[in-house]
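**Student:** Handing you this structure, nothing more for now.
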Amino acid sequence: MISLQFEHDVDFEEVLERLAKTGWEFVREENSLWYMTDFDWKELPLDGLTQAKLDMRAAYEAGETTGMTVRLPGGEFYANVMFHEDRRSVSLIPLLDYRTIERSPEFVDLGWYLENFRRPFRDFTILSTEASDHR
């Protein structure tokens with residue numbers, strides 16, 4: 001898991017927009033997207049992104065944790081992006097088919113995930129970054 005702590009509040013839709021601009025996709029399977037409100041995962045067809053954002057907005061405004069499954073640039077790897085109640089932290093949780101370190105396949109390549117996750121937020125003040133591998 002990788003967590004970024006920002007200096008100021010960040011809105012989940014701005015985060016999603018920035019991810020999309022750098023090649024991230026909001027898909028879990030080829031024909032659906034998954035999103036979460038208050039730790040309850042839901043599935044919609046790919047054309048349901050607007051509905052997912054509306055549901056997430058209601059939960060986010062109510063102070064709940066929200067999230068969405070994303071496909072990272074390159075199309076091989078998936079992760080969950082979590083938007084926390086404090087509005088200043090966002091986490092990336094790689095999903096089961098991890099990108100691993102080539103010469104040490106027992107370890108997730110956290111550096112690769114971190115590089116991809118930080119790239120859309122280079123102009124944000126990031127107070128701290130935490131990364132851990134808990135497989």
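If you're wondering about the labels, chains in the structure tokens are A, B, ... by order shown, residues count from 1 in each chain, ligands from 1 in order shown.
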Taking the DSSP assignment computed from this structure's backbone, write out as number ranges by chain all residues of region 57-129 of chain A that belong to alpha helix (DSSP H).

**Tutor:** A: 57-61, 110-118

**Student:** Deliver the residues from the most recent selection as a file, using N, CA and C atoms, as a short mmCIF file (atom, residue, chain, number, x, y, z; two decimals), in the first residue's frame.

**Tutor:**
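Printed below is part.cif as written:
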data_model
loop_
_atom_site.label_atom_id
_atom_site.label_comp_id
_atom_site.auth_asym_id
_atom_site.auth_seq_id
_atom_site.Cartn_x
_atom_site.Cartn_y
_atom_site.Cartn_z
N ARG A 57 -19.65 11.03 -4.32
CA ARG A 57 -19.76 12.41 -3.82
C ARG A 57 -20.64 12.45 -2.57
N ALA A 58 -21.79 11.78 -2.61
CA ALA A 58 -22.69 11.78 -1.45
C ALA A 58 -21.98 11.18 -0.23
N ALA A 59 -21.26 10.09 -0.43
CA ALA A 59 -20.55 9.45 0.68
C ALA A 59 -19.39 10.32 1.16
N TYR A 60 -18.67 10.90 0.23
CA TYR A 60 -17.53 11.76 0.56
C TYR A 60 -17.97 12.97 1.38
N GLU A 61 -19.07 13.58 0.96
CA GLU A 61 -19.60 14.75 1.68
C GLU A 61 -20.12 14.36 3.06
N LEU A 110 7.24 -1.63 -5.21
CA LEU A 110 6.61 -0.42 -4.67
C LEU A 110 7.16 0.85 -5.31
N GLY A 111 8.41 0.84 -5.72
CA GLY A 111 8.99 2.00 -6.38
C GLY A 111 8.26 2.33 -7.68
N TRP A 112 7.93 1.31 -8.45
CA TRP A 112 7.20 1.51 -9.71
C TRP A 112 5.80 2.07 -9.43
N TYR A 113 5.09 1.48 -8.46
CA TYR A 113 3.76 1.99 -8.11
C TYR A 113 3.86 3.43 -7.60
N LEU A 114 4.84 3.71 -6.75
CA LEU A 114 5.01 5.05 -6.20
C LEU A 114 5.27 6.07 -7.30
N GLU A 115 6.15 5.73 -8.22
CA GLU A 115 6.45 6.63 -9.35
C GLU A 115 5.18 6.96 -10.14
N ASN A 116 4.39 5.94 -10.44
CA ASN A 116 3.16 6.15 -11.21
C ASN A 116 2.10 6.92 -10.42
N PHE A 117 2.04 6.69 -9.10
CA PHE A 117 1.03 7.31 -8.27
C PHE A 117 1.35 8.78 -7.98
N ARG A 118 2.61 9.10 -7.80
CA ARG A 118 2.99 10.48 -7.49
C ARG A 118 2.97 11.39 -8.73
#

**Student:** Using only C-alpha atoms, determine which residues lie at most 9 Å from region 5-22 of chain A, disregarding the query and same-chain residues fewer than 5 positions distant; provide the list as an MDAnalysis selection string.

**Tutor:** chainID A and resid 53 56:57 60 66:68 72:73 82:83 86:91 116:117 119:121 124:130

**Student:** Grab the residues selected above and save them as a CSV table (one decimal), in the first residue's frame with C-alpha atoms.

**Tutor:**
chain,number,residue,atom,x,y,z
A,53,LYS,CA,-19.1,9.7,-9.0
A,56,MET,CA,-19.1,8.7,-4.2
A,57,ARG,CA,-19.8,12.4,-3.8
A,60,TYR,CA,-17.5,11.8,0.6
A,66,THR,CA,-14.6,6.2,-0.8
A,67,GLY,CA,-12.6,4.4,-3.5
A,68,MET,CA,-12.4,3.2,-7.0
A,72,LEU,CA,-2.6,1.7,-14.2
A,73,PRO,CA,-1.0,3.1,-17.4
A,82,MET,CA,-8.9,5.1,-1.5
A,83,PHE,CA,-10.0,8.6,-0.5
A,86,ASP,CA,-9.6,13.5,6.4
A,87,ARG,CA,-9.6,14.7,2.7
A,88,ARG,CA,-5.8,15.1,2.9
A,89,SER,CA,-4.7,11.5,2.3
A,90,VAL,CA,-5.1,9.1,-0.6
A,91,SER,CA,-3.9,5.5,-0.8
A,116,ASN,CA,3.2,6.2,-11.2
A,117,PHE,CA,1.0,7.3,-8.3
A,119,ARG,CA,3.3,11.6,-11.1
A,120,PRO,CA,-0.1,13.2,-11.4
A,121,PHE,CA,0.4,15.2,-8.2
A,124,PHE,CA,0.8,19.3,-4.9
A,125,THR,CA,2.7,19.7,-1.7
A,126,ILE,CA,3.0,16.2,-0.4
A,127,LEU,CA,3.8,16.2,3.4
A,128,SER,CA,4.5,12.5,3.6
A,129,THR,CA,4.6,9.2,1.7
A,130,GLU,CA,4.2,5.8,3.2

**Student:** Apply DSSP to the structure's backbone, then extract all residues of region 6-135 of chain A labelled strand (DSSP E) and return them as a PyMOL selection string.

**Tutor:** chain A and resi 6+32-37+40-45+66-71+78-83+89-94+100-101+104-108+126-131

**Student:** Using only C-alpha atoms, which protein or nucleic acid residues come within 8 Å of region 74-81 of chain A? Drop anything in the same chain fewer than 3 positions from it, and give the result as a VMD selection string.

**Tutor:** chain A and resid 23 28 67 to 71 90 to 95 97 to 99

**Student:** May I have the selected residues written with N, CA, C and O atoms, as an mmCIF file, in the first residue's frame?

**Tutor:**
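That gives us part.cif:
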data_model
loop_
_atom_site.group_PDB
_atom_site.id
_atom_site.type_symbol
_atom_site.label_atom_id
_atom_site.label_comp_id
_atom_site.auth_asym_id
_atom_site.auth_seq_id
_atom_site.Cartn_x
_atom_site.Cartn_y
_atom_site.Cartn_z
ATOM 1 N N GLY A 23 -3.190 8.601 -18.006
ATOM 2 C CA GLY A 23 -3.334 7.269 -18.566
ATOM 3 C C GLY A 23 -3.963 6.209 -17.686
ATOM 4 O O GLY A 23 -4.034 5.043 -18.075
ATOM 5 N N ARG A 28 -12.360 -2.367 -13.839
ATOM 6 C CA ARG A 28 -11.914 -3.511 -13.040
ATOM 7 C C ARG A 28 -11.888 -4.741 -13.924
ATOM 8 O O ARG A 28 -11.036 -5.583 -13.816
ATOM 9 N N GLY A 67 -13.697 4.972 -2.688
ATOM 10 C CA GLY A 67 -12.598 4.432 -3.478
ATOM 11 C C GLY A 67 -13.059 3.982 -4.844
ATOM 12 O O GLY A 67 -14.257 3.901 -5.125
ATOM 13 N N MET A 68 -12.076 3.695 -5.693
ATOM 14 C CA MET A 68 -12.371 3.210 -7.031
ATOM 15 C C MET A 68 -11.226 2.305 -7.478
ATOM 16 O O MET A 68 -10.065 2.558 -7.175
ATOM 17 N N THR A 69 -11.578 1.258 -8.193
ATOM 18 C CA THR A 69 -10.574 0.384 -8.781
ATOM 19 C C THR A 69 -10.104 1.018 -10.085
ATOM 20 O O THR A 69 -10.912 1.516 -10.867
ATOM 21 N N VAL A 70 -8.792 0.995 -10.293
ATOM 22 C CA VAL A 70 -8.192 1.627 -11.470
ATOM 23 C C VAL A 70 -7.247 0.641 -12.149
ATOM 24 O O VAL A 70 -6.713 -0.268 -11.516
ATOM 25 N N ARG A 71 -7.068 0.872 -13.458
ATOM 26 C CA ARG A 71 -6.034 0.149 -14.198
ATOM 27 C C ARG A 71 -4.918 1.151 -14.453
ATOM 28 O O ARG A 71 -5.163 2.234 -14.990
ATOM 29 N N VAL A 90 -4.628 10.048 0.405
ATOM 30 C CA VAL A 90 -5.116 9.147 -0.635
ATOM 31 C C VAL A 90 -4.184 7.945 -0.639
ATOM 32 O O VAL A 90 -2.969 8.091 -0.526
ATOM 33 N N SER A 91 -4.757 6.744 -0.767
ATOM 34 C CA SER A 91 -3.944 5.528 -0.765
ATOM 35 C C SER A 91 -4.143 4.745 -2.050
ATOM 36 O O SER A 91 -5.219 4.768 -2.651
ATOM 37 N N LEU A 92 -3.101 4.040 -2.433
ATOM 38 C CA LEU A 92 -3.127 3.137 -3.574
ATOM 39 C C LEU A 92 -2.826 1.747 -3.049
ATOM 40 O O LEU A 92 -1.791 1.532 -2.399
ATOM 41 N N ILE A 93 -3.722 0.807 -3.314
ATOM 42 C CA ILE A 93 -3.541 -0.566 -2.859
ATOM 43 C C ILE A 93 -3.481 -1.465 -4.085
ATOM 44 O O ILE A 93 -4.510 -1.721 -4.730
ATOM 45 N N PRO A 94 -2.284 -1.932 -4.467
ATOM 46 C CA PRO A 94 -2.172 -2.814 -5.636
ATOM 47 C C PRO A 94 -3.015 -4.075 -5.436
ATOM 48 O O PRO A 94 -3.078 -4.628 -4.331
ATOM 49 N N LEU A 95 -3.650 -4.514 -6.521
ATOM 50 C CA LEU A 95 -4.473 -5.720 -6.452
ATOM 51 C C LEU A 95 -3.639 -6.959 -6.760
ATOM 52 O O LEU A 95 -2.477 -6.880 -7.129
ATOM 53 N N ASP A 97 -2.656 -9.282 -8.838
ATOM 54 C CA ASP A 97 -1.642 -9.550 -9.851
ATOM 55 C C ASP A 97 -0.623 -8.418 -9.834
ATOM 56 O O ASP A 97 -0.569 -7.572 -10.700
ATOM 57 N N TYR A 98 0.210 -8.416 -8.787
ATOM 58 C CA TYR A 98 1.155 -7.326 -8.541
ATOM 59 C C TYR A 98 2.251 -7.266 -9.585
ATOM 60 O O TYR A 98 2.670 -8.277 -10.121
ATOM 61 N N ARG A 99 2.767 -6.059 -9.777
ATOM 62 C CA ARG A 99 4.036 -5.928 -10.483
ATOM 63 C C ARG A 99 5.096 -6.192 -9.416
ATOM 64 O O ARG A 99 5.093 -5.576 -8.351
#
